[in-house]
Structure formats: C-alpha cells, structure tokens
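S.K.: Provided below: entry_8.cif, containing mmCIF, C-alpha atoms.
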```
data_start
#
loop_
_atom_site.label_atom_id
_atom_site.label_comp_id
_atom_site.auth_asym_id
_atom_site.auth_seq_id
_atom_site.Cartn_x
_atom_site.Cartn_y
_atom_site.Cartn_z
CA LEU A 1408 216.31 97.28 212.41
CA TYR A 1409 216.41 93.91 210.65
CA PHE A 1410 213.08 92.90 212.22
CA ALA A 1411 211.56 96.24 211.24
CA GLY A 1412 212.64 95.54 207.65
CA ILE A 1413 210.96 92.14 207.68
CA VAL A 1414 207.74 93.58 209.05
CA ARG A 1415 207.81 96.34 206.45
CA GLU A 1416 208.34 93.81 203.63
CA LYS A 1417 205.46 91.65 204.85
CA ASN A 1418 203.24 94.69 205.15
CA GLU A 1419 204.19 95.76 201.62
CA VAL A 1420 203.25 92.33 200.25
CA ARG A 1421 199.98 92.35 202.17
CA HIS A 1422 199.23 95.89 200.96
CA LEU A 1423 199.94 94.81 197.38
CA LEU A 1424 197.58 91.85 197.72
CA ARG A 1425 194.83 94.01 199.27
CA HIS A 1426 195.25 96.54 196.46
CA LEU A 1427 195.08 93.76 193.89
CA VAL A 1428 191.91 92.30 195.40
CA SER A 1429 190.31 95.72 195.72
CA GLY A 1430 191.09 96.60 192.11
CA ALA A 1431 189.87 93.23 190.89
CA ARG A 1432 186.59 93.60 192.77
CA SER A 1433 185.96 97.01 191.28
CA SER A 1434 186.68 95.66 187.81
CA GLY A 1435 184.21 92.82 188.26
CA GLU A 1436 186.91 90.16 188.19
CA GLY A 1437 185.90 86.97 190.00
CA GLU A 1438 187.46 85.68 193.18
CA GLU A 1439 189.17 82.80 191.42
CA GLU A 1440 190.79 85.10 188.87
CA GLN A 1441 191.89 87.41 191.70
CA ALA A 1442 193.55 84.47 193.41
CA ARG A 1443 195.26 83.40 190.17
CA THR A 1444 196.65 86.90 189.71
CA ALA A 1445 197.87 86.94 193.31
CA VAL A 1446 199.62 83.57 192.85
CA GLU A 1447 201.40 84.89 189.76
CA LEU A 1448 202.55 88.01 191.61
CA LEU A 1449 203.76 85.96 194.55
CA ILE A 1450 205.68 83.56 192.32
CA ASN A 1451 207.35 86.59 190.76
CA GLY A 1452 208.10 87.81 194.30
CA LEU A 1453 210.25 84.73 194.88
CA GLY A 1454 212.78 86.32 192.54
CA ALA A 1455 213.00 89.59 194.48
CA ASP A 1456 216.37 90.97 195.48
CA ARG A 1457 215.55 91.32 199.17
CA PRO A 1458 215.39 88.11 201.22
CA GLU A 1459 212.56 89.58 203.29
CA THR A 1460 210.45 90.10 200.19
CA ARG A 1461 211.12 86.54 199.03
CA ALA A 1462 210.19 85.18 202.46
CA ALA A 1463 206.93 87.16 202.56
CA ALA A 1464 206.05 86.04 199.03
CA LEU A 1465 206.73 82.40 199.93
CA GLU A 1466 204.68 82.57 203.13
CA ASN A 1467 201.69 84.04 201.32
CA LEU A 1468 202.08 81.71 198.36
CA GLN A 1469 202.04 78.66 200.63
CA ARG A 1470 199.02 80.00 202.51
CA LEU A 1471 197.08 80.78 199.32
CA THR A 1472 197.86 77.54 197.45
CA GLY A 1473 198.27 75.02 200.26
CA GLN A 1474 201.46 73.85 198.53
CA ASP A 1475 204.99 73.67 199.91
CA LEU A 1476 207.52 73.77 197.11
CA GLY A 1477 210.10 75.71 199.07
CA ASP A 1478 211.62 78.87 197.66
CA ASP A 1479 212.41 77.38 194.23
CA GLN A 1480 210.81 79.85 191.83
CA GLU A 1481 211.17 77.50 188.85
CA ALA A 1482 209.40 74.69 190.74
CA TRP A 1483 206.53 77.07 191.51
CA GLN A 1484 206.38 78.18 187.89
CA ARG A 1485 206.17 74.55 186.73
CA TRP A 1486 203.50 73.77 189.33
CA TRP A 1487 201.52 76.87 188.29
CA ALA A 1488 201.72 76.00 184.59
CA ASP A 1489 200.20 72.60 185.42
CA ASN A 1490 197.59 73.85 187.90
CA ARG A 1491 196.53 77.38 186.93
CA ALA A 1492 193.43 76.46 184.95
CA GLY A 1493 191.92 74.33 187.70
CA PHE A 1494 193.16 76.34 190.66
CA ARG A 1495 190.60 77.06 193.35
CA PRO A 1496 191.63 79.19 196.34
#
```
Show me this structure written as structure tokens.

M.R.:
Amino acid sequence: LYFAGIVREKNEVRHLLRHLVSGARSSGEGEEEQARTAVELLINGLGADRPETRAAALENLQRLTGQDLGDDQEAWQRWWADNRAGFRP
C-alpha cells in the first residue's frame, strides 16, 4: 500500500504539471513562463504534508531546473528569487 501511495502521489504531481502546461498553452503563455510557473508550484510542493508529495515535487524540481538543493524549501525559494528572471528550462 505504501508503494501504491507513492505512485499515486507522483501521478498526481505529473497530472498537475500536464494540466498546467495544457492550460498555459491554451492561454498563449510561452514555454519559459510555463516552466517558471511549474517551478513555483514544485517549490510549494516541498512544503506538503505528505512525504510522498514532497519527494515527487523534489524529483520533478531537480529534473526541471538541473539543480540539487535537497529538500530545503527555503534554499529553493532563495535560489528561485535569484534565478527566476533568467531561468531557461
């Protein structure tokens, strides 16, 4: 059951990201802005109650940014404040 919970959490994060990208495309938002929005959502996900959600957010955040700041949400927030404007996915 634990593994099923992890898979479900990862699938929920992936579904959220797909929904975000789909909505951004239909609104005419550019790819870079879509990626910035996804990074912000994933950083927020590091503060989730469920460890599986935090792990899925971290995995996707590392994949999207190429950074490895661990699961320290404040470190990610500082990095994002310094790098958001020039971020390229």

S.K.: Calculated over all atoms listed in the file, which of the candidates A:Asn1451, A:Thr1472, A:Thr1460, A:Asn1467 has the smallest distance to Arg1491 (chain A)?

M.R.: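 For Arg1491 (chain A), the nearest of the given residues is A:Thr1472.
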
S.K.: Can you translate the PyMOL selection byres ((chain A and resi 1462) around 10) into the concrete residues it hits in this file, as a list in words?

M.R.: Ile1413, Glu1416, Lys1417, Gly1452, Leu1453, Ala1455, Arg1457, Pro1458, Glu1459, Thr1460, Arg1461, Ala1463, Ala1464, Leu1465, Glu1466, Asn1467, Leu1468 and Asp1478 of chain A

S.K.: May I ask for the distance between CA of Leu1476 (chain A) and CA of Gly1493 (chain A), given in Å to one decimal place?

M.R.: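 Those two atoms sit 18.2 Å apart.
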
S.K.: Using the chain letters and numbering of this document, enumerate as a PDB file with C-alpha atoms, keeping the file's coordinate frame the residues selected by the PyMOL selection byres ((chain A and resi 1445) around 9).

M.R.:
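Result file is selection-v4.pdb:
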```pdb
ATOM      1  CA  LEU A1424     197.580  91.850 197.720  1.00  0.00           C
ATOM      2  CA  LEU A1427     195.080  93.760 193.890  1.00  0.00           C
ATOM      3  CA  VAL A1428     191.910  92.300 195.400  1.00  0.00           C
ATOM      4  CA  GLU A1440     190.790  85.100 188.870  1.00  0.00           C
ATOM      5  CA  GLN A1441     191.890  87.410 191.700  1.00  0.00           C
ATOM      6  CA  ALA A1442     193.550  84.470 193.410  1.00  0.00           C
ATOM      7  CA  ARG A1443     195.260  83.400 190.170  1.00  0.00           C
ATOM      8  CA  THR A1444     196.650  86.900 189.710  1.00  0.00           C
ATOM      9  CA  VAL A1446     199.620  83.570 192.850  1.00  0.00           C
ATOM     10  CA  GLU A1447     201.400  84.890 189.760  1.00  0.00           C
ATOM     11  CA  LEU A1448     202.550  88.010 191.610  1.00  0.00           C
ATOM     12  CA  LEU A1449     203.760  85.960 194.550  1.00  0.00           C
ATOM     13  CA  ILE A1450     205.680  83.560 192.320  1.00  0.00           C
ATOM     14  CA  LEU A1468     202.080  81.710 198.360  1.00  0.00           C
ATOM     15  CA  LEU A1471     197.080  80.780 199.320  1.00  0.00           C
TER      16      LEU A1471
END
```

S.K.: Grab the CA of Ala1492 (chain A) to CA of Glu1419 (chain A) distance for me, in Å with one decimal place.

M.R.: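 Atom-to-atom, CA of Ala1492 (chain A) and CA of Glu1419 (chain A) are spaced 27.7 Å apart.
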
S.K.: For the atom pair CA of Asn1490 (chain A) and CA of Gln1474 (chain A), what is the interatomic distance in Å to one decimal place?

M.R.: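 One can read the CA of Asn1490 (chain A) to CA of Gln1474 (chain A) distance as 11.3 Å.
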